[in-house]
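With TSV, C-alpha atoms inside, this is data_35.tsv:
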```tsv
chain	number	residue	atom	x	y	z
B	1	MET	CA	0.00	0.00	0.00
B	2	SER	CA	1.15	3.50	-0.63
B	3	GLN	CA	1.18	6.35	1.82
B	4	LEU	CA	-0.83	9.45	1.15
B	5	ASN	CA	1.30	12.50	0.66
B	6	LEU	CA	0.45	15.68	2.56
B	7	GLU	CA	-1.26	17.21	-0.47
B	8	GLN	CA	-3.63	14.23	-0.72
B	9	ILE	CA	-4.27	14.39	3.03
B	10	SER	CA	-5.08	18.09	2.67
B	11	GLN	CA	-7.50	17.38	-0.18
B	12	LEU	CA	-9.31	14.56	1.66
B	13	LEU	CA	-9.64	16.60	4.84
B	14	GLN	CA	-11.06	19.47	2.79
B	15	LEU	CA	-13.47	17.11	0.99
B	16	ARG	CA	-14.85	15.07	3.88
B	17	GLY	CA	-13.44	16.35	7.19
B	18	PHE	CA	-11.59	13.20	8.27
B	19	ILE	CA	-8.83	10.72	7.44
B	20	THR	CA	-8.76	7.16	8.78
B	21	ASP	CA	-5.94	4.78	9.56
B	22	GLU	CA	-7.14	2.76	6.55
B	23	ASP	CA	-6.55	5.76	4.26
B	24	ILE	CA	-2.93	6.10	5.27
B	25	THR	CA	-0.18	3.60	5.95
B	26	PHE	CA	1.28	5.05	9.14
B	27	SER	CA	3.51	2.19	10.25
B	28	GLN	CA	6.63	3.80	8.83
B	29	ASP	CA	6.00	6.85	11.08
B	30	GLY	CA	5.46	4.70	14.18
B	31	ILE	CA	1.77	5.65	14.47
B	32	LYS	CA	-0.30	3.02	16.24
B	33	ASN	CA	-3.20	4.90	17.87
B	34	ALA	CA	-5.19	8.15	18.10
B	35	GLU	CA	-2.63	9.85	20.35
B	36	ASP	CA	0.21	9.14	17.93
B	37	ILE	CA	-1.79	10.40	14.97
B	38	ALA	CA	-2.82	13.58	16.79
B	39	GLY	CA	0.84	14.43	17.36
B	40	TRP	CA	1.68	13.56	13.76
B	41	ALA	CA	-1.11	15.82	12.44
B	42	CYS	CA	-0.26	18.74	14.73
B	43	ALA	CA	3.39	18.62	13.67
B	44	ARG	CA	2.32	18.91	10.02
B	45	GLU	CA	-0.79	21.09	10.27
B	46	ASP	CA	0.87	24.24	8.88
B	47	LYS	CA	2.07	22.35	5.81
B	48	ILE	CA	-1.34	20.69	5.33
B	49	ARG	CA	-2.91	24.18	5.38
B	50	GLU	CA	-0.36	25.52	2.88
B	51	LEU	CA	-1.52	22.74	0.56
B	52	GLY	CA	-5.15	23.89	0.62
B	53	TYR	CA	-6.84	22.68	3.80
B	54	THR	CA	-9.00	25.50	5.23
B	55	GLY	CA	-10.99	23.66	7.92
B	56	GLY	CA	-10.68	23.71	11.69
B	57	SER	CA	-7.79	22.57	13.82
B	58	LEU	CA	-6.81	18.94	13.45
B	59	GLN	CA	-7.10	16.35	16.17
B	60	GLY	CA	-6.81	12.62	16.47
B	61	TRP	CA	-9.96	10.55	16.94
B	62	ALA	CA	-10.59	6.94	17.78
B	63	THR	CA	-13.62	4.77	18.17
B	64	GLU	CA	-14.39	1.13	18.53
B	65	PHE	CA	-16.88	-0.78	16.44
B	66	ASP	CA	-18.24	-4.22	17.27
B	67	ARG	CA	-17.45	-5.51	13.82
B	68	PHE	CA	-14.38	-3.53	12.82
B	69	GLY	CA	-12.21	-3.32	15.91
B	70	CYS	CA	-10.63	0.02	16.68
B	71	ALA	CA	-10.42	2.71	14.04
B	72	TYR	CA	-8.56	5.99	14.37
B	73	GLY	CA	-7.51	8.95	12.29
B	74	ILE	CA	-7.42	12.72	11.92
B	75	VAL	CA	-10.54	14.87	12.03
B	76	ASP	CA	-11.38	18.55	11.53
B	77	TYR	CA	-12.19	19.53	15.12
B	78	GLU	CA	-14.75	22.15	14.06
B	79	TRP	CA	-16.52	19.70	11.72
B	80	TYR	CA	-16.62	16.76	14.11
B	81	ASP	CA	-19.40	16.30	16.64
B	82	SER	CA	-21.47	13.31	17.69
B	83	SER	CA	-23.65	13.56	14.55
B	84	LYS	CA	-20.58	13.11	12.33
B	85	TYR	CA	-19.78	9.78	13.96
B	86	ILE	CA	-22.37	8.19	11.68
B	87	GLU	CA	-20.62	9.52	8.56
B	88	ILE	CA	-17.29	8.09	9.64
B	89	GLU	CA	-18.91	4.79	10.61
B	90	ARG	CA	-20.63	4.52	7.19
B	91	TYR	CA	-17.34	5.30	5.46
B	92	LEU	CA	-15.61	2.55	7.44
B	93	LYS	CA	-18.41	0.09	6.72
B	94	VAL	CA	-18.50	0.68	2.96
B	95	THR	CA	-14.71	0.43	2.68
B	96	GLU	CA	-14.87	-2.85	4.61
B	97	SER	CA	-17.56	-4.35	2.40
B	98	ILE	CA	-19.97	-2.77	-0.03
B	99	LYS	CA	-22.61	-5.22	1.20
B	100	LEU	CA	-22.62	-3.51	4.62
B	101	CYS	CA	-24.09	-0.35	3.09
B	102	GLU	CA	-26.91	-1.53	0.87
B	103	ASP	CA	-28.71	1.78	1.42
B	104	MET	CA	-25.74	3.95	0.35
B	105	THR	CA	-26.25	6.04	-2.75
B	106	VAL	CA	-23.68	6.94	-5.37
B	107	PHE	CA	-23.90	10.56	-4.18
B	108	GLU	CA	-22.86	9.58	-0.64
B	109	LEU	CA	-20.05	7.38	-1.95
B	110	LYS	CA	-18.71	10.26	-4.05
B	111	SER	CA	-18.86	12.61	-1.04
B	112	TYR	CA	-16.18	10.42	0.57
B	113	GLY	CA	-13.96	10.64	-2.52
B	114	LEU	CA	-14.55	6.96	-3.31
B	115	GLY	CA	-15.18	5.24	-6.62
B	116	LEU	CA	-16.23	1.80	-7.80
B	117	VAL	CA	-14.53	-1.41	-8.92
B	118	PHE	CA	-16.13	-3.70	-11.51
B	119	ASN	CA	-14.63	-7.14	-12.24
B	120	CYS	CA	-15.66	-8.89	-15.46
B	121	GLU	CA	-15.54	-12.65	-16.03
B	122	CYS	CA	-13.01	-12.01	-18.82
B	123	GLY	CA	-10.53	-10.87	-16.16
B	124	ASN	CA	-10.84	-7.14	-16.82
B	125	GLU	CA	-11.00	-4.92	-13.73
B	126	SER	CA	-12.28	-1.37	-14.08
B	127	ASN	CA	-11.60	1.18	-11.37
B	128	ILE	CA	-13.96	4.12	-11.77
B	129	GLY	CA	-12.97	7.28	-9.87
B	130	PRO	CA	-15.71	9.43	-8.35
B	131	GLU	CA	-15.18	12.16	-10.92
B	132	PHE	CA	-16.03	9.69	-13.71
B	133	ILE	CA	-19.34	8.48	-12.25
B	134	LYS	CA	-22.14	10.24	-14.08
B	135	GLN	CA	-24.19	12.70	-12.05
B	136	ASN	CA	-27.45	11.09	-13.17
B	137	MET	CA	-26.36	8.00	-11.17
B	138	ASP	CA	-26.17	9.92	-7.85
B	139	SER	CA	-29.55	8.78	-6.52
B	140	LYS	CA	-28.95	5.08	-7.28
B	141	PHE	CA	-28.02	2.61	-4.56
B	142	LEU	CA	-24.58	1.00	-4.89
B	143	VAL	CA	-25.98	-2.52	-4.75
B	144	ASP	CA	-28.24	-1.76	-7.73
B	145	LEU	CA	-25.48	-0.55	-10.04
B	146	LYS	CA	-24.43	-2.56	-13.07
B	147	GLY	CA	-21.58	-1.89	-15.45
B	148	SER	CA	-20.38	-2.96	-18.88
B	149	CYS	CA	-16.95	-4.31	-19.70
B	150	ASN	CA	-14.75	-2.19	-21.93
B	151	LYS	CA	-12.73	-5.26	-23.09
B	152	CYS	CA	-15.54	-7.65	-24.02
B	153	PRO	CA	-19.28	-7.40	-24.80
B	154	ARG	CA	-20.49	-8.39	-21.29
B	155	SER	CA	-22.86	-6.07	-19.45
B	156	GLY	CA	-24.85	-6.25	-16.23
B	157	ILE	CA	-21.68	-6.54	-14.15
B	158	ALA	CA	-22.32	-5.87	-10.44
B	159	VAL	CA	-20.09	-3.60	-8.36
B	160	HIS	CA	-17.30	-5.70	-6.90
B	161	ASP	CA	-15.66	-3.31	-4.45
B	162	ILE	CA	-14.93	0.28	-3.50
B	163	TYR	CA	-12.09	2.15	-5.20
B	164	LYS	CA	-9.87	4.53	-3.24
B	165	PRO	CA	-8.19	6.60	-5.98
B	166	TRP	CA	-5.37	7.70	-3.66
B	167	LYS	CA	-4.40	4.16	-2.67
B	168	LEU	CA	-2.04	2.26	-4.93
B	169	GLU	CA	-1.55	-1.43	-4.17
```
Would you write the structure of this file as structure tokens?
Amino acid sequence: MSQLNLEQISQLLQLRGFITDEDITFSQDGIKNAEDIAGWACAREDKIRELGYTGGSLQGWATEFDRFGCAYGIVDYEWYDSSKYIEIERYLKVTESIKLCEDMTVFELKSYGLGLVFNCECGNESNIGPEFIKQNMDSKFLVDLKGSCNKCPRSGIAVHDIYKPWKLE
């Protein structure tokens, strides 16, 4: 997995107000929990702002989910309150498995900066970034989406996974 650079972190914070440990590979910086990440973010906050982030001060956050174990990350302190917990939880669920968010629309998915992965029987995998998903699809539920292969004539291909454009495997 690749590590987000500070410019990408700035863009994601500006877009959705939070970054999770799943978005960034922190192990090389010795980050293992919310306290570590808070210090990491504070030490780099000026640079993150220079790169375009205009939100509130940054702080570490952590929560525990029955199904997902502990998650942690960086959050815009002014954006985050108890109502935003649900947004972060839905983000974590959909990135774990698209089947956990059957009621998620394309619009919500795009608000997180996420795209879609379609896998065809011919072996072709298509990663569709959020900017390439047509606006007229915004009200559709993810589980109802079907795609067509651009390498063979197959159509009706279900969404296979979520695509994080910033993450290179």
(Q) Residues near Ala41 (chain B), anyone? I mean within 8 Å using all atoms listed in the file, not counting same-chain ones fewer than 2 positions away, as a PyMOL selection string. (A) chain B and resi 37-39+43-45+58-60+74
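Restricting the calculation to all atoms listed in the file, the smallest distance between Gln8 (chain B) and any of B:Ile88, B:Cys42, B:Ile48, B:Val106 is found for B:Ile48.
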Q. Residues at most 6 Å from Phe118 (chain B), counting only C-alpha atoms, excluding those fewer than 5 positions away in the same chain, as a list of chain:residue names?
A. B:Glu125, B:Ser126, B:Val159, B:His160
Q. Which polymer residues, protein or nucleic acid, are no farther than 12 Å from (-16.2, -8.5, -25.8), counting all atoms listed in the file, as a list of chain:residue names?
A.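 I get B:Cys120, B:Glu121, B:Cys122, B:Gly123, B:Asn124, B:Ser148, B:Cys149, B:Asn150, B:Lys151, B:Cys152, B:Pro153, B:Arg154, B:Ser155 for the residues within 12 Å of that point.
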(Q) So that I can check the surroundings of Glu108 (chain B), please list as number ranges by chain every protein, DNA and RNA residue that reaches within 12 Å of it, counting all atoms listed in the file and ignoring chain neighbours fewer than 4 positions away. (A) B: 16, 87-88, 90-91, 94, 101-104, 112-115, 130, 135, 137-142
Q. With only C-alpha atoms as the atoms that count, which of B:Val143, B:Ala158, B:Val75, B:Leu100 lies nearest to Leu15 (chain B)?
A. B:Val75
(Q) Please compute the CA of Ile19 (chain B)-CA of Tyr72 (chain B) distance, one decimal, in Å. (A)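 Between these atoms lies a distance of 8.4 Å.
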Q: Using all atoms listed in the file, find the one residue out of B:Glu89, B:Asp46, B:Asp144, B:Asp81 that sits nearest to Leu6 (chain B).
A: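 The closest residue to Leu6 (chain B) is B:Asp46.
Considering the residues B:Ser57, B:Asn33, B:Thr63, B:Asn119 and counting all atoms listed in the file, Lys146 (chain B) has its shortest atom-to-atom contact with B:Asn119.
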Q: Would you work out the distance separating CA of Ser111 (chain B) from CA of Gly147 (chain B), expressed in Å to one decimal?
A: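 It comes out at 20.6 Å.
With CA of Ile128 (chain B) on one side and CA of Leu116 (chain B) on the other, the separation reads 5.1 Å.
Using all atoms listed in the file, the shortest contact distance between Thr54 (chain B) and any of B:Ile86, B:Lys99, B:Ile31, B:Gly17 is found at B:Gly17.
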Using all atoms of region 38-51 of chain B listed in the file and a margin of 8 Å per side, can you give the axis-aligned box centre and edge lengths in Å to one decimal, as lines of an AutoDock Vina configuration file?
```
center_x = 0.2
center_y = 19.5
center_z = 9.0
size_x = 22.3
size_y = 28.0
size_z = 32.8
```
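For the set B:Asp23, B:Glu7, B:Glu131, B:Glu78, the residue with the smallest atom-to-atom gap to Gly56 (chain B) is B:Glu78, counting all atoms listed in the file.
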For region 68-79 of chain B, supply all heavy atoms and report the output as a short mmCIF file (atom, residue, chain, number, x, y, z; two decimals), in the frame of the given file.
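Listed below is the output, part_14.cif:
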```
data_model
loop_
_atom_site.label_atom_id
_atom_site.label_comp_id
_atom_site.auth_asym_id
_atom_site.auth_seq_id
_atom_site.Cartn_x
_atom_site.Cartn_y
_atom_site.Cartn_z
N PHE B 68 -15.59 -3.97 13.49
CA PHE B 68 -14.38 -3.53 12.82
C PHE B 68 -13.17 -3.36 13.73
O PHE B 68 -12.11 -3.00 13.26
CB PHE B 68 -14.64 -2.18 12.13
CG PHE B 68 -15.80 -2.23 11.20
CD1 PHE B 68 -17.00 -1.66 11.54
CD2 PHE B 68 -15.69 -2.88 9.99
CE1 PHE B 68 -18.07 -1.72 10.68
CE2 PHE B 68 -16.76 -2.95 9.12
CZ PHE B 68 -17.95 -2.37 9.47
N GLY B 69 -13.31 -3.59 15.02
CA GLY B 69 -12.21 -3.32 15.91
C GLY B 69 -12.04 -1.83 16.09
O GLY B 69 -12.97 -1.06 15.90
N CYS B 70 -10.87 -1.41 16.43
CA CYS B 70 -10.63 0.02 16.68
C CYS B 70 -10.22 0.72 15.39
O CYS B 70 -9.41 0.22 14.63
CB CYS B 70 -9.53 0.18 17.72
SG CYS B 70 -9.25 1.90 18.17
N ALA B 71 -10.80 1.88 15.17
CA ALA B 71 -10.42 2.71 14.04
C ALA B 71 -9.97 4.05 14.61
O ALA B 71 -10.45 4.49 15.65
CB ALA B 71 -11.61 2.91 13.10
N TYR B 72 -9.03 4.69 13.93
CA TYR B 72 -8.56 5.99 14.37
C TYR B 72 -8.13 6.80 13.17
O TYR B 72 -7.99 6.28 12.07
CB TYR B 72 -7.43 5.86 15.39
CG TYR B 72 -6.22 5.11 14.87
CD1 TYR B 72 -5.18 5.79 14.25
CD2 TYR B 72 -6.12 3.73 15.01
CE1 TYR B 72 -4.07 5.11 13.77
CE2 TYR B 72 -5.02 3.04 14.55
CZ TYR B 72 -4.00 3.74 13.92
OH TYR B 72 -2.91 3.07 13.45
N GLY B 73 -7.92 8.09 13.40
CA GLY B 73 -7.51 8.95 12.29
C GLY B 73 -7.38 10.39 12.71
O GLY B 73 -7.19 10.70 13.89
N ILE B 74 -7.50 11.28 11.73
CA ILE B 74 -7.42 12.72 11.92
C ILE B 74 -8.78 13.29 11.55
O ILE B 74 -9.39 12.87 10.56
CB ILE B 74 -6.37 13.36 10.98
CG1 ILE B 74 -5.02 12.68 11.12
CG2 ILE B 74 -6.25 14.86 11.24
CD1 ILE B 74 -4.05 13.03 9.99
N VAL B 75 -9.24 14.26 12.31
CA VAL B 75 -10.54 14.87 12.03
C VAL B 75 -10.43 16.39 12.19
O VAL B 75 -9.64 16.89 12.98
CB VAL B 75 -11.63 14.28 12.95
CG1 VAL B 75 -11.42 14.67 14.39
CG2 VAL B 75 -13.01 14.66 12.49
N ASP B 76 -11.22 17.10 11.40
CA ASP B 76 -11.38 18.55 11.53
C ASP B 76 -12.19 18.78 12.80
O ASP B 76 -13.36 18.43 12.88
CB ASP B 76 -12.12 19.08 10.30
CG ASP B 76 -12.50 20.54 10.38
OD1 ASP B 76 -12.47 21.14 11.48
OD2 ASP B 76 -12.87 21.10 9.33
N TYR B 77 -11.56 19.35 13.81
CA TYR B 77 -12.19 19.53 15.12
C TYR B 77 -13.49 20.32 15.04
O TYR B 77 -14.45 20.02 15.74
CB TYR B 77 -11.20 20.21 16.07
CG TYR B 77 -11.75 20.41 17.46
CD1 TYR B 77 -11.87 19.33 18.33
CD2 TYR B 77 -12.19 21.66 17.88
CE1 TYR B 77 -12.38 19.51 19.61
CE2 TYR B 77 -12.69 21.85 19.16
CZ TYR B 77 -12.80 20.76 20.01
OH TYR B 77 -13.31 20.94 21.25
N GLU B 78 -13.55 21.33 14.17
CA GLU B 78 -14.75 22.15 14.06
C GLU B 78 -15.87 21.42 13.32
O GLU B 78 -17.04 21.71 13.51
CB GLU B 78 -14.44 23.47 13.37
CG GLU B 78 -13.55 24.35 14.22
CD GLU B 78 -13.11 25.62 13.51
OE1 GLU B 78 -13.66 25.96 12.45
OE2 GLU B 78 -12.19 26.25 14.04
N TRP B 79 -15.53 20.47 12.47
CA TRP B 79 -16.52 19.70 11.72
C TRP B 79 -17.10 18.58 12.57
O TRP B 79 -18.27 18.27 12.48
CB TRP B 79 -15.84 19.11 10.47
CG TRP B 79 -16.66 18.13 9.69
CD1 TRP B 79 -17.59 18.43 8.73
CD2 TRP B 79 -16.62 16.71 9.77
NE1 TRP B 79 -18.12 17.27 8.21
CE2 TRP B 79 -17.54 16.19 8.84
CE3 TRP B 79 -15.88 15.81 10.55
CZ2 TRP B 79 -17.75 14.83 8.66
CZ3 TRP B 79 -16.10 14.45 10.37
CH2 TRP B 79 -17.02 13.97 9.44
#
```
